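Participant: The structure follows.
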Amino acid sequence: MDLVDFVLQFNPQHPGATADAIHKEYLKTQQATSSSHITVTDSTVLDKAFNVPFQQDVDYLAKLDHQIHVVANGGTEFYNYLAIVESSGYGKTRAALELAKTRPLIYICFRDDRSTGYPPATPQSKELLKDLWCSDLLSAERIALPWIQSMIRTYCQGNTGNNYREKLLNHEFWNSVSQNRDNSNDLESVNKKIILYFDEASALLGEGTGSQAKDQPFRAIRRALWAYNHAAVGIFTDTNSSVANLVPSKEHDPSARDTKRNLYKPFIYIATMDCLRNSIPHLETINPAYDIVRFGRPLWGSQWSGQTAKTDEGRFDEILCLAKSKLTGGALEWSEIQRDAIRRRVALALLACIAALYVSPTSSVAPELVKSHMATLVAVDDEHERAPYYLPIRAFTG
């Protein structure tokens with residue numbers, strides 16, 4: 001509702017209200033409306049959207065499964081983990097949930113409470129992250145080892161639910177992991193490799209303070225994964241292209257220099273683009289004006305099927321609300337964006353939806369466009385030396 005319509009409704013009920021009072025009430029109404037959109041999107045709609053049948057005709061899952069197999073059997077010359085880097089809405093998390101149906105997989109999510117993504121943070125993830133930001137890297141490694149050990153042991157003992165949702169997200173499993181992480185039982189009896197899938201992995205990165213090491217939580221987990229190389233393979237994924245810090249050049253990776261181990265190239269594959277164009281439920285009788293939700297990243301089509309609105313117009317409005325929030329980095333109104341640097345990025349993202357813009361791979365703004373403004377990562381450079389904090393990229397929005 002715009003301001004004029006609000007005034008026409010508000011004045012008859014409050015004839016003596018001042019202009020300031022009217023404006024204040026209008027802002028409250030807008031804030032409440034925005035909050036309701038976010039709540040519906042985060043909980044009800046996204047949960048339903050994740051139940052849309054997975055498109056098996058797209059080879060994304062097969063390619064990912066193959067690459068995980070390569071990592072799991074890579075020998076001692078490679079670290080036993082893979083980084084997956086891509087913009088929001090291409091199916092990174094959904095792929096994990098699908099893999100969990102047929103592969104031994106533990107899903108760990110560090111999602112921020114304010115995020116519009118799904119699923120929410122897994123139980124105990126905040127406790128794990130807090131523990132790893134301890135005094136120094138050596139102490140963090142000592143903490144990471146029993147956490148990883150307890151995850152694998154609890155999974156192998158069958159302390160999980162019957163379906164993949166319960167297996168990945170239930171509190172009983174994670175409470176057991178937390179309570180038993182000081183148990184000294186080793187993992188020598190584990191005869192298969194468990195996939196540990198760390199979602200929103202940029203939470204593991206950071207400069208640290210005092211004696212803390214740069215990217216300390218990630219480096220501690222990486223060392224713990226290697227200690228249990230016979231029983232674990234790690235996957236680190238995030239929308240933030242700076243997650244390529246997880247595959248730095250040896251020049252900027254002390255551990256890799258010391259051990260002489262190599263790192264696998266990040267997994268980037270956008271085959272899910274347009275994958276729902278012919279198979280979205282409820283689109284058989286859709287108004288042609290809304291056909292656009294069939295195309296692009298699968299987020300839009302799955303959202304359409306998950307919407308609770310009774311009309312096509314209502315469904316489309318909810319998708320537009322989500323798209324607006326993701327394109328602007330979470331803001332629903334321009335007035336909510338306070339920092340000039342963010343305003344410039346949002347303006348660039350909005351312009352890029354209209355004009356064909358080329359964003360230089362070495363531009364400092366490129367990683368932020370992928371992270372927060374729906375740019376799509378299409379390639380990485382094989383050479384790491386030119387970009388110590390993230391691999392050079394080419395990005396486009398859409």
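Going through the structure tokens in order, the chains are called A, B, and so on, while each chain numbers its residues from 1 and the ligands are numbered from 1 in the order shown.
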Residues at most 12 Å from Gln67 (chain A), counting only C-alpha atoms, excluding those fewer than 2 positions away in the same chain, as a list in words?
Facilitator: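 Final neighbour list, sorted by chain and number: Tyr60, Leu61, Ala62, Lys63, Leu64, Asp65, His69, Val70, Val71, Ala72, Asn73, Gly74, Asn80, Tyr81, Leu82, Ala83, Ile84, Val233, Gly234, Ile235, Tyr264, Lys265, Pro266, Phe267, Ile268 and Tyr269 of chain A.
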Participant: Any chance you can output those residues with N, CA and C atoms as a short mmCIF file (atom, residue, chain, number, x, y, z; two decimals), in the first residue's frame?
Facilitator:
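Result saved to part-v3.cif:
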data_model
loop_
_atom_site.label_atom_id
_atom_site.label_comp_id
_atom_site.auth_asym_id
_atom_site.auth_seq_id
_atom_site.Cartn_x
_atom_site.Cartn_y
_atom_site.Cartn_z
N TYR A 60 23.46 -32.51 -12.82
CA TYR A 60 24.18 -31.83 -11.75
C TYR A 60 24.56 -32.80 -10.64
N LEU A 61 23.57 -33.58 -10.19
CA LEU A 61 23.81 -34.48 -9.07
C LEU A 61 24.83 -35.56 -9.44
N ALA A 62 24.75 -36.06 -10.66
CA ALA A 62 25.71 -37.09 -11.10
C ALA A 62 27.12 -36.52 -11.17
N LYS A 63 27.24 -35.28 -11.68
CA LYS A 63 28.56 -34.64 -11.76
C LYS A 63 29.14 -34.41 -10.36
N LEU A 64 28.29 -33.93 -9.45
CA LEU A 64 28.75 -33.68 -8.08
C LEU A 64 29.14 -34.98 -7.40
N ASP A 65 28.32 -36.00 -7.56
CA ASP A 65 28.60 -37.30 -6.95
C ASP A 65 29.93 -37.86 -7.47
N HIS A 69 33.39 -38.55 -5.32
CA HIS A 69 34.08 -39.85 -5.40
C HIS A 69 35.56 -39.65 -5.69
N VAL A 70 35.88 -38.72 -6.59
CA VAL A 70 37.28 -38.42 -6.91
C VAL A 70 38.02 -37.93 -5.67
N VAL A 71 37.38 -37.02 -4.93
CA VAL A 71 38.00 -36.47 -3.72
C VAL A 71 38.18 -37.55 -2.66
N ALA A 72 37.18 -38.39 -2.51
CA ALA A 72 37.23 -39.44 -1.49
C ALA A 72 38.33 -40.46 -1.76
N ASN A 73 38.73 -40.58 -3.02
CA ASN A 73 39.74 -41.58 -3.39
C ASN A 73 41.00 -40.92 -3.96
N GLY A 74 41.26 -39.70 -3.51
CA GLY A 74 42.34 -38.92 -4.09
C GLY A 74 43.72 -39.22 -3.59
N ASN A 80 41.36 -33.88 1.52
CA ASN A 80 40.12 -34.63 1.32
C ASN A 80 38.88 -33.76 1.47
N TYR A 81 38.83 -32.67 0.70
CA TYR A 81 37.62 -31.84 0.71
C TYR A 81 37.45 -31.13 -0.62
N LEU A 82 36.21 -30.69 -0.87
CA LEU A 82 35.84 -30.01 -2.11
C LEU A 82 35.06 -28.76 -1.75
N ALA A 83 35.33 -27.65 -2.45
CA ALA A 83 34.55 -26.42 -2.26
C ALA A 83 33.55 -26.28 -3.40
N ILE A 84 32.31 -25.94 -3.06
CA ILE A 84 31.26 -25.67 -4.05
C ILE A 84 30.90 -24.20 -3.94
N VAL A 233 35.10 -37.27 4.15
CA VAL A 233 35.40 -36.36 3.04
C VAL A 233 34.55 -35.11 3.27
N GLY A 234 35.15 -33.93 3.13
CA GLY A 234 34.46 -32.69 3.44
C GLY A 234 33.98 -31.97 2.19
N ILE A 235 32.83 -31.31 2.33
CA ILE A 235 32.29 -30.43 1.29
C ILE A 235 32.02 -29.08 1.96
N TYR A 264 41.73 -29.46 -4.52
CA TYR A 264 40.87 -29.65 -5.68
C TYR A 264 40.25 -28.32 -6.12
N LYS A 265 40.09 -28.16 -7.41
CA LYS A 265 39.46 -26.97 -7.95
C LYS A 265 38.00 -26.90 -7.49
N PRO A 266 37.48 -25.70 -7.19
CA PRO A 266 36.07 -25.59 -6.75
C PRO A 266 35.12 -26.16 -7.79
N PHE A 267 34.03 -26.73 -7.31
CA PHE A 267 33.01 -27.30 -8.18
C PHE A 267 32.03 -26.19 -8.56
N ILE A 268 31.98 -25.85 -9.85
CA ILE A 268 31.08 -24.83 -10.36
C ILE A 268 30.39 -25.41 -11.59
N TYR A 269 29.06 -25.55 -11.52
CA TYR A 269 28.33 -26.19 -12.62
C TYR A 269 26.89 -25.69 -12.60
#
Participant: Give me, please, the distance in Å between CA of Thr76 (chain A) and CA of Leu204 (chain A), quoted to one decimal.
Facilitator: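 Distance between the two atoms: 24.2 Å.
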Participant: I need the strand (DSSP E or B) residues of region 70-288 of chain A per DSSP on the backbone, written as a list in words.
Facilitator: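 DSSP on the backbone gives strand (DSSP E or B) at Phe78, Tyr81, Leu82, Ala83, Ile84, Val85, Leu105, Ile106, Tyr107, Ile108, Cys109, Ile194, Ile195, Leu196, Tyr197, Phe198, Asp199, Ala232, Val233, Gly234, Ile235, Phe236, Thr237, Asp238, Asn262 and Phe267 of chain A.
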Participant: Could you pull out all residues of region 96-204 of chain A with a DSSP call of alpha helix (DSSP H) and give them as a PyMOL selection string?
Facilitator: chain A and resi 96-102+125-132+137-156+164-169+171-179
Participant: Compile the contact shell of region 144-157 of chain A as a list in words: residues with an atom at most 7 Å away, counting only C-alpha atoms, same-chain residues fewer than 6 positions apart removed.
Facilitator: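 Answer for this query is Leu132, Val177, Asn180, Arg181, Asp182, Ile194, Ala220, Ile221 and Ala224 of chain A.
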Participant: Would you write out those residues with C-alpha atoms, as a PDB file, in the first residue's frame?
Facilitator:
ATOM      1  CA  LEU A 132      36.490 -23.060  17.125  1.00  0.00           C
ATOM      2  CA  VAL A 177      26.924 -35.334  18.876  1.00  0.00           C
ATOM      3  CA  ASN A 180      29.505 -37.403  23.177  1.00  0.00           C
ATOM      4  CA  ARG A 181      32.283 -35.348  21.603  1.00  0.00           C
ATOM      5  CA  ASP A 182      34.588 -35.993  24.575  1.00  0.00           C
ATOM      6  CA  ILE A 194      31.114 -40.188   5.479  1.00  0.00           C
ATOM      7  CA  ALA A 220      40.930 -26.470  12.250  1.00  0.00           C
ATOM      8  CA  ILE A 221      38.153 -28.432  10.544  1.00  0.00           C
ATOM      9  CA  ALA A 224      40.484 -32.664  11.609  1.00  0.00           C
TER      10      ALA A 224
END
Participant: Would you mind reading off the distance between CA of Asp317 (chain A) and CA of Ile337 (chain A), one decimal, in Å?
Facilitator: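 We find that CA of Asp317 (chain A) and CA of Ile337 (chain A) lie 21.9 Å from each other.
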Participant: With distances taken over only C-alpha atoms, which residue among A:Glu172, A:Glu86, A:Asp274, A:Glu141 lies nearest Leu225 (chain A)?
Facilitator: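 The answer is A:Glu141, which sits nearest to Leu225 (chain A).
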Participant: Would you mind listing what lies within 8 Å of Ser135 (chain A) as number ranges by chain, with only C-alpha atoms counted and same-chain residues fewer than 3 positions away left out?
Facilitator: A: 139-140, 211-212
Participant: I'd like the interatomic distance between CA of Pro298 (chain A) and CA of Ala323 (chain A), to a tenth of an Å.
Facilitator: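 Taking CA of Pro298 (chain A) as the start and CA of Ala323 (chain A) as the end point, the length is 12.5 Å.
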Participant: From the options A:Val378, A:Cys353, A:Ala231, A:Ile342, which residue's atoms come nearest to Lys324 (chain A), counting only C-alpha atoms?
Facilitator: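 So, comparing all the options, the nearest one is A:Cys353.
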Participant: Considering only C-alpha atoms, return as a ChimeraX atom specification whatever protein or nucleic-acid residues lie within 9 Å of Tyr107 (chain A), sequence-local ones (same chain, fewer than 6 positions apart) excluded.
Facilitator: /A:96-97,100,122,167-169,195-199
Participant: Could you turn the residues from that selection into a file that holds N, CA, C and O atoms, as a PDB file, in the first residue's frame?
Facilitator:
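Listed below is the output, result-v6.pdb:
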ATOM      1  N   ALA A  96      22.580 -31.527  -1.656  1.00  0.00           N
ATOM      2  CA  ALA A  96      23.024 -32.233  -0.447  1.00  0.00           C
ATOM      3  C   ALA A  96      21.909 -33.099   0.113  1.00  0.00           C
ATOM      4  O   ALA A  96      22.126 -34.250   0.518  1.00  0.00           O
ATOM      5  N   LEU A  97      20.696 -32.556   0.140  1.00  0.00           N
ATOM      6  CA  LEU A  97      19.568 -33.315   0.665  1.00  0.00           C
ATOM      7  C   LEU A  97      19.257 -34.525  -0.205  1.00  0.00           C
ATOM      8  O   LEU A  97      18.826 -35.569   0.295  1.00  0.00           O
ATOM      9  N   ALA A 100      21.930 -37.222   0.364  1.00  0.00           N
ATOM     10  CA  ALA A 100      21.754 -37.893   1.654  1.00  0.00           C
ATOM     11  C   ALA A 100      20.788 -39.073   1.566  1.00  0.00           C
ATOM     12  O   ALA A 100      20.766 -39.919   2.463  1.00  0.00           O
ATOM     13  N   THR A 122      21.726 -25.700  11.418  1.00  0.00           N
ATOM     14  CA  THR A 122      21.516 -26.960  12.108  1.00  0.00           C
ATOM     15  C   THR A 122      21.758 -26.790  13.608  1.00  0.00           C
ATOM     16  O   THR A 122      22.545 -25.931  14.026  1.00  0.00           O
ATOM     17  N   LYS A 167      17.410 -37.072   9.457  1.00  0.00           N
ATOM     18  CA  LYS A 167      18.813 -37.435   9.587  1.00  0.00           C
ATOM     19  C   LYS A 167      19.701 -36.196   9.634  1.00  0.00           C
ATOM     20  O   LYS A 167      20.682 -36.143  10.368  1.00  0.00           O
ATOM     21  N   LEU A 168      19.356 -35.186   8.848  1.00  0.00           N
ATOM     22  CA  LEU A 168      20.217 -34.023   8.730  1.00  0.00           C
ATOM     23  C   LEU A 168      19.916 -32.931   9.746  1.00  0.00           C
ATOM     24  O   LEU A 168      20.796 -32.168  10.114  1.00  0.00           O
ATOM     25  N   LEU A 169      18.677 -32.836  10.194  1.00  0.00           N
ATOM     26  CA  LEU A 169      18.267 -31.638  10.908  1.00  0.00           C
ATOM     27  C   LEU A 169      17.737 -31.870  12.318  1.00  0.00           C
ATOM     28  O   LEU A 169      17.440 -30.906  13.017  1.00  0.00           O
ATOM     29  N   ILE A 195      30.362 -38.286   4.167  1.00  0.00           N
ATOM     30  CA  ILE A 195      30.447 -36.935   3.604  1.00  0.00           C
ATOM     31  C   ILE A 195      29.996 -35.942   4.669  1.00  0.00           C
ATOM     32  O   ILE A 195      28.874 -36.034   5.174  1.00  0.00           O
ATOM     33  N   LEU A 196      30.850 -35.010   5.027  1.00  0.00           N
ATOM     34  CA  LEU A 196      30.491 -33.926   5.943  1.00  0.00           C
ATOM     35  C   LEU A 196      30.279 -32.666   5.105  1.00  0.00           C
ATOM     36  O   LEU A 196      31.230 -32.120   4.539  1.00  0.00           O
ATOM     37  N   TYR A 197      29.039 -32.240   5.001  1.00  0.00           N
ATOM     38  CA  TYR A 197      28.632 -31.168   4.082  1.00  0.00           C
ATOM     39  C   TYR A 197      28.428 -29.883   4.875  1.00  0.00           C
ATOM     40  O   TYR A 197      27.434 -29.718   5.573  1.00  0.00           O
ATOM     41  N   PHE A 198      29.399 -28.960   4.794  1.00  0.00           N
ATOM     42  CA  PHE A 198      29.358 -27.707   5.543  1.00  0.00           C
ATOM     43  C   PHE A 198      28.749 -26.611   4.664  1.00  0.00           C
ATOM     44  O   PHE A 198      29.395 -26.118   3.729  1.00  0.00           O
ATOM     45  N   ASP A 199      27.505 -26.240   4.969  1.00  0.00           N
ATOM     46  CA  ASP A 199      26.797 -25.206   4.201  1.00  0.00           C
ATOM     47  C   ASP A 199      26.981 -23.846   4.882  1.00  0.00           C
ATOM     48  O   ASP A 199      27.165 -23.777   6.098  1.00  0.00           O
TER      49      ASP A 199
END
Participant: Measuring between only C-alpha atoms, which one of A:Gly206, A:His171, A:Phe218, A:Phe236 shows the shortest distance to Lys92 (chain A)?
Facilitator: A:Phe236
Participant: Out of A:Pro120, A:Gly208, A:Pro217, A:Gly75, which residue has the shortest atom-to-atom distance to Asn170 (chain A) when counting only C-alpha atoms?
Facilitator: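 Closest residue, counting only C-alpha atoms: A:Pro120.
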Participant: Do a neighbour search on Thr209 (chain A) at 12 Å with only C-alpha atoms, toss out local chain neighbours closer than 3 positions, and write the hits as a list of chain:residue names.
Facilitator: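 The residues that qualify are A:Trp133, A:Cys134, A:Ser135, A:Asp136, A:Leu137, A:Gly206, A:Gln212, A:Ala213, A:Lys214, A:Asp215, A:Gln216.
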